[in-house]
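Colleague: Input: one structure, supplied below.
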Amino acid sequence: DTLAPDPASWQHRAGPAPTPAQLAAAACVEIMVRAMNSNAVAIGAATDLMDQAWWSPGLRHPDGTFAFSLGYGGGIFVDQTGRRFMNESLPYDRAGREMIARMKAGKLQLPIWMIYDNRDDGVPPVQYPNVPFADTSAYHAAGCWVSAPTLADLAARIGVPAHALTETVVRFNTLAAAGEDSDFGRGTEPYERMFTAGRPPLARIVTPPFHAAAFELSDLGTKGGLKTDTAARVLATNGAPIQGLYAAGNSMAAASGEAYPGGGNPIGSSMVFAFLAALDIGARLT
């Protein structure tokens with residue numbers, strides 16, 4: 001039985017919206033899911049949060065993947081109507097959830113586009129793209145990045161109404177000049193200013209040519225996994241612990257539930273629940 005990544009994997013079937021690219025190594029996720037299915041689940045283990053993941057807007061790359069990214073020092077996201085629809089600097093899991101909520105409501109179609117100007121020679125204002133940028137020409141050849149001399153021309157190239165995109169940028173530039181995003185509150189939380197030296201991440205879009213970069217819904221991996229108790233013991237579907245079976249980290253359903261307290265959450269749960277498992281095992285051996 002091959003363990004190669006399978007686009008029909010458990011996460012893709014159960015998730016609220018399909019994610020074309022798994023930032024966490026797809027093979028590792030697939031191995032974990034198949035291991036649960038063929039071993040723990042086969043003996044009656046319960047699972048939880050299988051419709052959840054560590055979500056993120058994903059920058060589209062020329063090879064067709066959509067990689068988790070963060071640290072947007074500028075630019076705005078627009079939807080298929082050419083309008084802003086969210087705070088672009090939200091913590092990535094919350095940003096992904098905002099996208100999912102709008103997709104479920106039928107208000108958002110992918111891709112979304114990051115609109116930005118030429119202050120960085122056409123490269124999107126993304127401080128941490130997670131994977132190195134390829135050659136600029138490759139992004140343009142693949143349709144991931146689009147450029148145009150005017151906003152109206154850019155709108156035509158990405159298929160959104162020109163008047164809406166122009167009005168959106170004019171409105172945003174007004175807010176950026178005032179230093180306050182009264183539309184979506186961008187820059188109001190300390191996390192959002194972490195990437196801009198404490199300043200609100202509100203950079204005016206004024207220097208032509210203008211650019212658009214395609215984003216999709218991506219993730220860092222599944223939150224779903226085996227259901228455990230406070231001793232890291234895997235629970236059966238009837239709620240009773242399965243003797244001798246423990247889980248920690250990404251093999252267990254996320255200890256934080258649907259929330260994402262911060263980066264490194266799975267590492268923390270790996271350490272804590274592995275320690276709890278060791279304590280429980282030790283107590284049973286004495």
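Ordering of the structure tokens sets the chain letters (A, B, ...); residue numbers start at 1 within each chain; ligands are numbered from 1 in the order shown.
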For Arg157 (chain A), work out the shell of residues within 10 Å, counting only C-alpha atoms and skipping chain neighbours fewer than 4 positions away, then give it as a count of residues only.

Modeller: 9

Colleague: Do you know which residues are at most 8 Å from region 93-100 of chain A counting only C-alpha atoms, after dropping those on the same chain fewer than 6 positions away, and could you put them as a ChimeraX atom specification?

Modeller: /A:16-17,54-57,86-87,108,217-218,260

Colleague: Check the smallest atom-to-atom distance from each of A:Thr136, A:Thr47, A:Thr196, A:Thr168 to Ala247 (chain A) using only C-alpha atoms, then report the winner.

Modeller: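 Going through A:Thr136, A:Thr47, A:Thr196, A:Thr168 one by one, the smallest distance to Ala247 (chain A) is for A:Thr47.
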
Colleague: From the DSSP assignment of the backbone, select every residue of region 23-209 of chain A that is helix (DSSP H, G or I), and format the answer as a PyMOL selection string.

Modeller: chain A and resi 26-43+92-104+136-141+151-158+162-178+190-196

Colleague: Using only C-alpha atoms, determine which residues lie at most 7 Å from Phe215 (chain A), disregarding the query and same-chain residues fewer than 4 positions distant; provide the list as a list in words.

Modeller: Pro57, Gly58, Leu59, Arg60, Pro111, Ile112 and Trp113 of chain A

Colleague: Kindly export the residues of the current selection with N, CA, C and O atoms, as a short mmCIF file (atom, residue, chain, number, x, y, z; two decimals), in the first residue's frame.

Modeller:
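Listing of result_11.cif after writing:
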```cif
data_model
loop_
_atom_site.label_atom_id
_atom_site.label_comp_id
_atom_site.auth_asym_id
_atom_site.auth_seq_id
_atom_site.Cartn_x
_atom_site.Cartn_y
_atom_site.Cartn_z
N PRO A 57 -4.16 32.05 4.58
CA PRO A 57 -4.12 32.42 3.15
C PRO A 57 -2.83 31.87 2.56
O PRO A 57 -1.78 31.89 3.21
N GLY A 58 -2.91 31.37 1.34
CA GLY A 58 -1.74 30.75 0.73
C GLY A 58 -1.34 31.44 -0.57
O GLY A 58 -2.13 31.52 -1.50
N LEU A 59 -0.13 31.94 -0.60
CA LEU A 59 0.40 32.58 -1.81
C LEU A 59 0.61 31.53 -2.89
O LEU A 59 1.26 30.50 -2.65
N ARG A 60 0.07 31.77 -4.06
CA ARG A 60 0.20 30.81 -5.16
C ARG A 60 1.58 30.91 -5.79
O ARG A 60 2.08 32.00 -6.07
N PRO A 111 -9.37 32.38 -6.83
CA PRO A 111 -8.44 32.99 -5.88
C PRO A 111 -8.89 34.39 -5.45
O PRO A 111 -9.72 35.01 -6.10
N ILE A 112 -8.31 34.84 -4.34
CA ILE A 112 -8.38 36.25 -4.00
C ILE A 112 -7.08 36.87 -4.49
O ILE A 112 -6.12 36.17 -4.81
N TRP A 113 -7.06 38.19 -4.58
CA TRP A 113 -5.88 38.86 -5.13
C TRP A 113 -5.33 39.88 -4.14
O TRP A 113 -6.09 40.68 -3.57
#
```

Colleague: Can you pull out the residues contacting Gly263 (chain A)? Cut-off 10 Å, using only C-alpha atoms, and skip same-chain residues under 2 positions away; I want them as number ranges by chain.

Modeller: A: 54, 91-93, 260-261, 265-268

Colleague: Extract the full set of strand (DSSP E or B) residues from region 77-258 of chain A according to DSSP on the backbone, and format it as a VMD selection string.

Modeller: chain A and resid 77 to 78 112 to 116 126 to 128 145 to 148 210 to 222 225 to 226 228 233 to 236 241 to 246 252

Colleague: Export N, CA and C atoms of the chosen residues as a short mmCIF file (atom, residue, chain, number, x, y, z; two decimals), in the first residue's frame?

Modeller:
```cif
data_model
loop_
_atom_site.label_atom_id
_atom_site.label_comp_id
_atom_site.auth_asym_id
_atom_site.auth_seq_id
_atom_site.Cartn_x
_atom_site.Cartn_y
_atom_site.Cartn_z
N PHE A 77 -6.20 42.67 0.16
CA PHE A 77 -6.88 41.56 -0.49
C PHE A 77 -8.20 42.05 -1.06
N VAL A 78 -8.49 41.65 -2.31
CA VAL A 78 -9.80 41.92 -2.88
C VAL A 78 -10.40 40.61 -3.36
N ILE A 112 -8.31 34.84 -4.34
CA ILE A 112 -8.38 36.25 -4.00
C ILE A 112 -7.08 36.87 -4.49
N TRP A 113 -7.06 38.19 -4.58
CA TRP A 113 -5.88 38.86 -5.13
C TRP A 113 -5.33 39.88 -4.14
N MET A 114 -4.02 39.84 -3.93
CA MET A 114 -3.35 40.89 -3.18
C MET A 114 -2.97 41.99 -4.17
N ILE A 115 -3.47 43.19 -3.92
CA ILE A 115 -3.17 44.34 -4.78
C ILE A 115 -2.09 45.18 -4.11
N TYR A 116 -1.05 45.53 -4.87
CA TYR A 116 0.06 46.30 -4.30
C TYR A 116 0.73 47.10 -5.40
N VAL A 126 5.27 40.48 1.11
CA VAL A 126 5.12 39.34 2.00
C VAL A 126 6.50 39.05 2.61
N GLN A 127 6.66 39.31 3.89
CA GLN A 127 7.97 39.17 4.52
C GLN A 127 8.38 37.71 4.67
N TYR A 128 7.40 36.82 4.90
CA TYR A 128 7.71 35.41 5.15
C TYR A 128 6.86 34.54 4.23
N TRP A 145 1.18 36.13 -10.70
CA TRP A 145 1.32 37.57 -10.53
C TRP A 145 0.94 38.25 -11.83
N VAL A 146 0.25 39.37 -11.69
CA VAL A 146 -0.22 40.14 -12.85
C VAL A 146 0.17 41.60 -12.64
N SER A 147 0.59 42.25 -13.68
CA SER A 147 0.98 43.66 -13.60
C SER A 147 0.29 44.46 -14.69
N ALA A 148 0.10 45.77 -14.42
CA ALA A 148 -0.53 46.65 -15.40
C ALA A 148 -0.19 48.09 -15.06
N PHE A 210 1.02 48.74 -11.26
CA PHE A 210 0.34 48.10 -10.14
C PHE A 210 0.31 46.58 -10.36
N HIS A 211 0.22 45.86 -9.25
CA HIS A 211 0.39 44.41 -9.32
C HIS A 211 -0.70 43.69 -8.53
N ALA A 212 -0.92 42.43 -8.90
CA ALA A 212 -1.84 41.55 -8.17
C ALA A 212 -1.19 40.18 -8.05
N ALA A 213 -1.25 39.61 -6.86
CA ALA A 213 -0.73 38.27 -6.60
C ALA A 213 -1.87 37.37 -6.14
N ALA A 214 -1.96 36.20 -6.72
CA ALA A 214 -3.06 35.28 -6.42
C ALA A 214 -2.81 34.55 -5.09
N PHE A 215 -3.86 34.46 -4.29
CA PHE A 215 -3.83 33.71 -3.04
C PHE A 215 -5.01 32.73 -3.02
N GLU A 216 -4.78 31.61 -2.37
CA GLU A 216 -5.81 30.60 -2.17
C GLU A 216 -5.93 30.33 -0.67
N LEU A 217 -6.76 29.36 -0.31
CA LEU A 217 -6.83 28.90 1.07
C LEU A 217 -5.81 27.79 1.25
N SER A 218 -4.93 27.95 2.23
CA SER A 218 -3.91 26.94 2.50
C SER A 218 -3.98 26.56 3.98
N ASP A 219 -3.06 25.72 4.40
CA ASP A 219 -3.01 25.33 5.81
C ASP A 219 -1.64 24.81 6.16
N LEU A 220 -1.39 24.67 7.45
CA LEU A 220 -0.13 24.14 7.93
C LEU A 220 -0.25 22.68 8.33
N GLY A 221 -1.44 22.12 8.25
CA GLY A 221 -1.67 20.74 8.64
C GLY A 221 -3.02 20.60 9.32
N THR A 222 -3.42 19.37 9.57
CA THR A 222 -4.72 19.12 10.15
C THR A 222 -4.71 19.29 11.66
N GLY A 225 -7.43 14.45 14.75
CA GLY A 225 -6.61 13.33 15.17
C GLY A 225 -7.35 12.48 16.20
N LEU A 226 -6.60 11.67 16.91
CA LEU A 226 -7.18 10.77 17.89
C LEU A 226 -7.64 11.55 19.12
N THR A 228 -8.18 12.17 22.92
CA THR A 228 -7.45 11.74 24.12
C THR A 228 -8.07 12.34 25.37
N ARG A 233 -4.21 9.45 27.07
CA ARG A 233 -4.71 8.13 26.66
C ARG A 233 -5.72 8.29 25.53
N VAL A 234 -5.60 7.50 24.49
CA VAL A 234 -6.54 7.55 23.39
C VAL A 234 -7.87 6.96 23.85
N LEU A 235 -8.94 7.64 23.51
CA LEU A 235 -10.27 7.22 23.92
C LEU A 235 -10.95 6.42 22.82
N ALA A 236 -11.72 5.44 23.22
CA ALA A 236 -12.54 4.68 22.28
C ALA A 236 -13.80 5.47 21.96
N PRO A 241 -10.89 4.87 27.87
CA PRO A 241 -9.51 4.85 27.36
C PRO A 241 -9.13 3.47 26.83
N ILE A 242 -8.37 3.45 25.75
CA ILE A 242 -7.87 2.20 25.19
C ILE A 242 -6.54 1.88 25.87
N GLN A 243 -6.47 0.77 26.52
CA GLN A 243 -5.30 0.41 27.32
C GLN A 243 -4.03 0.38 26.47
N GLY A 244 -3.00 1.11 26.95
CA GLY A 244 -1.69 1.08 26.30
C GLY A 244 -1.55 1.95 25.08
N LEU A 245 -2.58 2.72 24.72
CA LEU A 245 -2.51 3.54 23.51
C LEU A 245 -2.55 5.02 23.90
N TYR A 246 -1.53 5.76 23.48
CA TYR A 246 -1.40 7.17 23.82
C TYR A 246 -1.18 7.99 22.53
N MET A 252 -2.81 13.61 17.74
CA MET A 252 -4.03 13.72 18.55
C MET A 252 -4.87 14.89 18.04
#
```

Colleague: Name the residues in contact with region 174-189 of chain A at a cut-off of 9 Å, using only C-alpha atoms, excluding same-chain residues fewer than 2 positions from it; report them as a VMD selection string.

Modeller: chain A and resid 84 to 90 169 to 172 191 to 193 199 to 204

Colleague: State, in Å with one decimal place, the distance from CA of Ala53 (chain A) to CA of Gln80 (chain A).

Modeller: 24.8 Å

Colleague: Set the distance at 8 Å and use only C-alpha atoms: which residues neighbour Glu258 (chain A) once local chain neighbours fewer than 2 positions away are removed? I'd like the list as number ranges by chain.

Modeller: A: 49, 52, 223, 254, 256, 260

Colleague: Save out the residues we just selected, N, CA and C atoms, as an mmCIF file, in the first residue's frame.

Modeller:
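Contents of result10.cif, freshly written:
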```cif
data_model
loop_
_atom_site.group_PDB
_atom_site.id
_atom_site.type_symbol
_atom_site.label_atom_id
_atom_site.label_comp_id
_atom_site.auth_asym_id
_atom_site.auth_seq_id
_atom_site.Cartn_x
_atom_site.Cartn_y
_atom_site.Cartn_z
ATOM 1 N N LEU A 49 -12.229 16.708 15.552
ATOM 2 C CA LEU A 49 -11.728 17.880 14.816
ATOM 3 C C LEU A 49 -11.230 17.541 13.416
ATOM 4 N N GLN A 52 -11.114 20.306 10.827
ATOM 5 C CA GLN A 52 -10.362 21.493 11.201
ATOM 6 C C GLN A 52 -8.904 21.385 10.748
ATOM 7 N N LYS A 223 -5.833 19.765 12.226
ATOM 8 C CA LYS A 223 -6.024 19.766 13.680
ATOM 9 C C LYS A 223 -6.683 18.466 14.127
ATOM 10 N N ALA A 254 -6.336 18.360 18.208
ATOM 11 C CA ALA A 254 -5.676 19.520 18.822
ATOM 12 C C ALA A 254 -6.227 19.814 20.209
ATOM 13 N N SER A 256 -6.130 22.496 21.753
ATOM 14 C CA SER A 256 -6.735 23.828 21.789
ATOM 15 C C SER A 256 -8.071 23.885 21.064
ATOM 16 N N TYR A 260 -6.481 28.744 17.855
ATOM 17 C CA TYR A 260 -5.044 28.679 17.605
ATOM 18 C C TYR A 260 -4.386 29.715 18.511
#
```

Colleague: Quick one, how far is CA of Ala138 (chain A) from CA of Arg83 (chain A)?

Modeller: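 Straight-line distance from CA of Ala138 (chain A) to CA of Arg83 (chain A) works out to 27.1 Å.
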
Colleague: Residues within 12 Å of Phe275 (chain A), please, as a list in words. Count only C-alpha atoms; anything in the same chain fewer than 2 positions from it doesn't count.

Modeller: Thr230, Ala231, Ala232, Arg233, Tyr246, Ala247, Ala248, Gly249, Gly268, Ser269, Ser270, Met271, Val272, Phe273, Ala277, Ala278, Leu279, Asp280, Ile281 and Gly282 of chain A

Colleague: Just to be explicit: take each residue in the selection above, keep all heavy atoms, and write the result as a compact mmCIF listing (two decimals), in the first residue's frame.

Modeller:
```txt
# COMPACT_ATOMS: atom_id res chain seq x y z
N THR A 230 -6.94 13.65 29.59
CA THR A 230 -5.90 14.51 30.15
C THR A 230 -4.62 13.76 30.51
O THR A 230 -3.63 14.38 30.89
CB THR A 230 -6.43 15.24 31.40
OG1 THR A 230 -6.92 14.26 32.33
CG2 THR A 230 -7.54 16.21 31.03
N ALA A 231 -4.63 12.45 30.37
CA ALA A 231 -3.42 11.65 30.57
C ALA A 231 -2.83 11.21 29.24
O ALA A 231 -1.94 10.35 29.20
CB ALA A 231 -3.72 10.44 31.44
N ALA A 232 -3.31 11.79 28.15
CA ALA A 232 -2.86 11.47 26.79
C ALA A 232 -3.30 10.09 26.33
O ALA A 232 -2.83 9.59 25.31
CB ALA A 232 -1.35 11.61 26.66
N ARG A 233 -4.21 9.45 27.07
CA ARG A 233 -4.71 8.13 26.66
C ARG A 233 -5.72 8.29 25.53
O ARG A 233 -6.61 9.15 25.60
CB ARG A 233 -5.36 7.42 27.85
CG ARG A 233 -4.40 7.14 28.99
CD ARG A 233 -5.09 6.46 30.16
NE ARG A 233 -6.16 7.29 30.71
CZ ARG A 233 -6.94 6.93 31.74
NH1 ARG A 233 -6.78 5.74 32.30
NH2 ARG A 233 -7.87 7.75 32.19
N TYR A 246 -1.53 5.76 23.48
CA TYR A 246 -1.40 7.17 23.82
C TYR A 246 -1.18 7.99 22.53
O TYR A 246 -0.75 7.45 21.51
CB TYR A 246 -0.22 7.40 24.76
CG TYR A 246 -0.34 6.70 26.09
CD1 TYR A 246 0.04 5.35 26.22
CD2 TYR A 246 -0.82 7.34 27.21
CE1 TYR A 246 -0.07 4.68 27.43
CE2 TYR A 246 -0.93 6.70 28.44
CZ TYR A 246 -0.56 5.37 28.54
OH TYR A 246 -0.67 4.72 29.75
N ALA A 247 -1.46 9.28 22.62
CA ALA A 247 -1.23 10.16 21.47
C ALA A 247 -0.81 11.54 21.97
O ALA A 247 -1.22 11.98 23.04
CB ALA A 247 -2.48 10.27 20.61
N ALA A 248 0.02 12.20 21.18
CA ALA A 248 0.48 13.55 21.51
C ALA A 248 0.72 14.32 20.22
O ALA A 248 0.90 13.74 19.15
CB ALA A 248 1.75 13.50 22.35
N GLY A 249 0.74 15.65 20.32
CA GLY A 249 1.06 16.49 19.17
C GLY A 249 0.06 16.36 18.04
O GLY A 249 -1.15 16.27 18.26
N GLY A 268 4.07 22.45 21.49
CA GLY A 268 3.75 22.48 22.91
C GLY A 268 2.92 21.29 23.34
O GLY A 268 3.21 20.66 24.37
N SER A 269 1.92 20.94 22.54
CA SER A 269 1.08 19.80 22.90
C SER A 269 1.86 18.49 22.78
O SER A 269 1.59 17.53 23.51
CB SER A 269 -0.18 19.76 22.04
OG SER A 269 0.12 19.57 20.67
N SER A 270 2.83 18.42 21.88
CA SER A 270 3.68 17.23 21.79
C SER A 270 4.46 17.03 23.09
O SER A 270 4.51 15.92 23.64
CB SER A 270 4.67 17.36 20.63
OG SER A 270 4.01 17.38 19.38
N MET A 271 5.05 18.10 23.57
CA MET A 271 5.86 18.02 24.79
C MET A 271 4.99 17.70 26.00
O MET A 271 5.31 16.80 26.79
CB MET A 271 6.61 19.34 25.01
CG MET A 271 7.61 19.68 23.93
SD MET A 271 8.28 21.35 24.09
CE MET A 271 9.14 21.22 25.65
N VAL A 272 3.89 18.43 26.14
CA VAL A 272 3.05 18.27 27.33
C VAL A 272 2.40 16.90 27.38
O VAL A 272 2.45 16.19 28.40
CB VAL A 272 1.99 19.39 27.39
CG1 VAL A 272 0.97 19.10 28.49
CG2 VAL A 272 2.66 20.74 27.63
N PHE A 273 1.78 16.50 26.27
CA PHE A 273 1.05 15.24 26.31
C PHE A 273 1.97 14.02 26.27
O PHE A 273 1.62 12.96 26.80
CB PHE A 273 0.00 15.20 25.19
CG PHE A 273 -1.24 15.97 25.55
CD1 PHE A 273 -1.31 17.34 25.39
CD2 PHE A 273 -2.33 15.32 26.11
CE1 PHE A 273 -2.45 18.05 25.76
CE2 PHE A 273 -3.48 16.02 26.49
CZ PHE A 273 -3.53 17.38 26.31
N ALA A 277 1.77 11.29 29.12
CA ALA A 277 1.73 9.86 28.80
C ALA A 277 2.80 9.10 29.58
O ALA A 277 2.55 8.02 30.12
CB ALA A 277 1.92 9.65 27.29
N ALA A 278 4.01 9.69 29.65
CA ALA A 278 5.09 9.04 30.38
C ALA A 278 4.74 8.91 31.87
O ALA A 278 5.03 7.88 32.49
CB ALA A 278 6.39 9.82 30.20
N LEU A 279 4.13 9.94 32.43
CA LEU A 279 3.71 9.88 33.83
C LEU A 279 2.70 8.76 34.05
O LEU A 279 2.79 8.00 35.04
CB LEU A 279 3.11 11.21 34.26
CG LEU A 279 4.07 12.40 34.42
CD1 LEU A 279 3.29 13.64 34.82
CD2 LEU A 279 5.16 12.10 35.45
N ASP A 280 1.75 8.67 33.13
CA ASP A 280 0.72 7.64 33.27
C ASP A 280 1.31 6.24 33.14
O ASP A 280 0.99 5.32 33.91
CB ASP A 280 -0.38 7.85 32.23
CG ASP A 280 -1.59 6.97 32.47
OD1 ASP A 280 -2.35 7.26 33.41
OD2 ASP A 280 -1.75 5.96 31.75
N ILE A 281 2.20 6.08 32.17
CA ILE A 281 2.85 4.78 31.97
C ILE A 281 3.68 4.41 33.20
O ILE A 281 3.65 3.28 33.69
CB ILE A 281 3.74 4.81 30.71
CG1 ILE A 281 2.85 4.96 29.46
CG2 ILE A 281 4.58 3.53 30.62
CD1 ILE A 281 3.63 5.24 28.20
N GLY A 282 4.43 5.41 33.72
CA GLY A 282 5.24 5.15 34.90
C GLY A 282 4.42 4.75 36.09
O GLY A 282 4.80 3.84 36.86
```
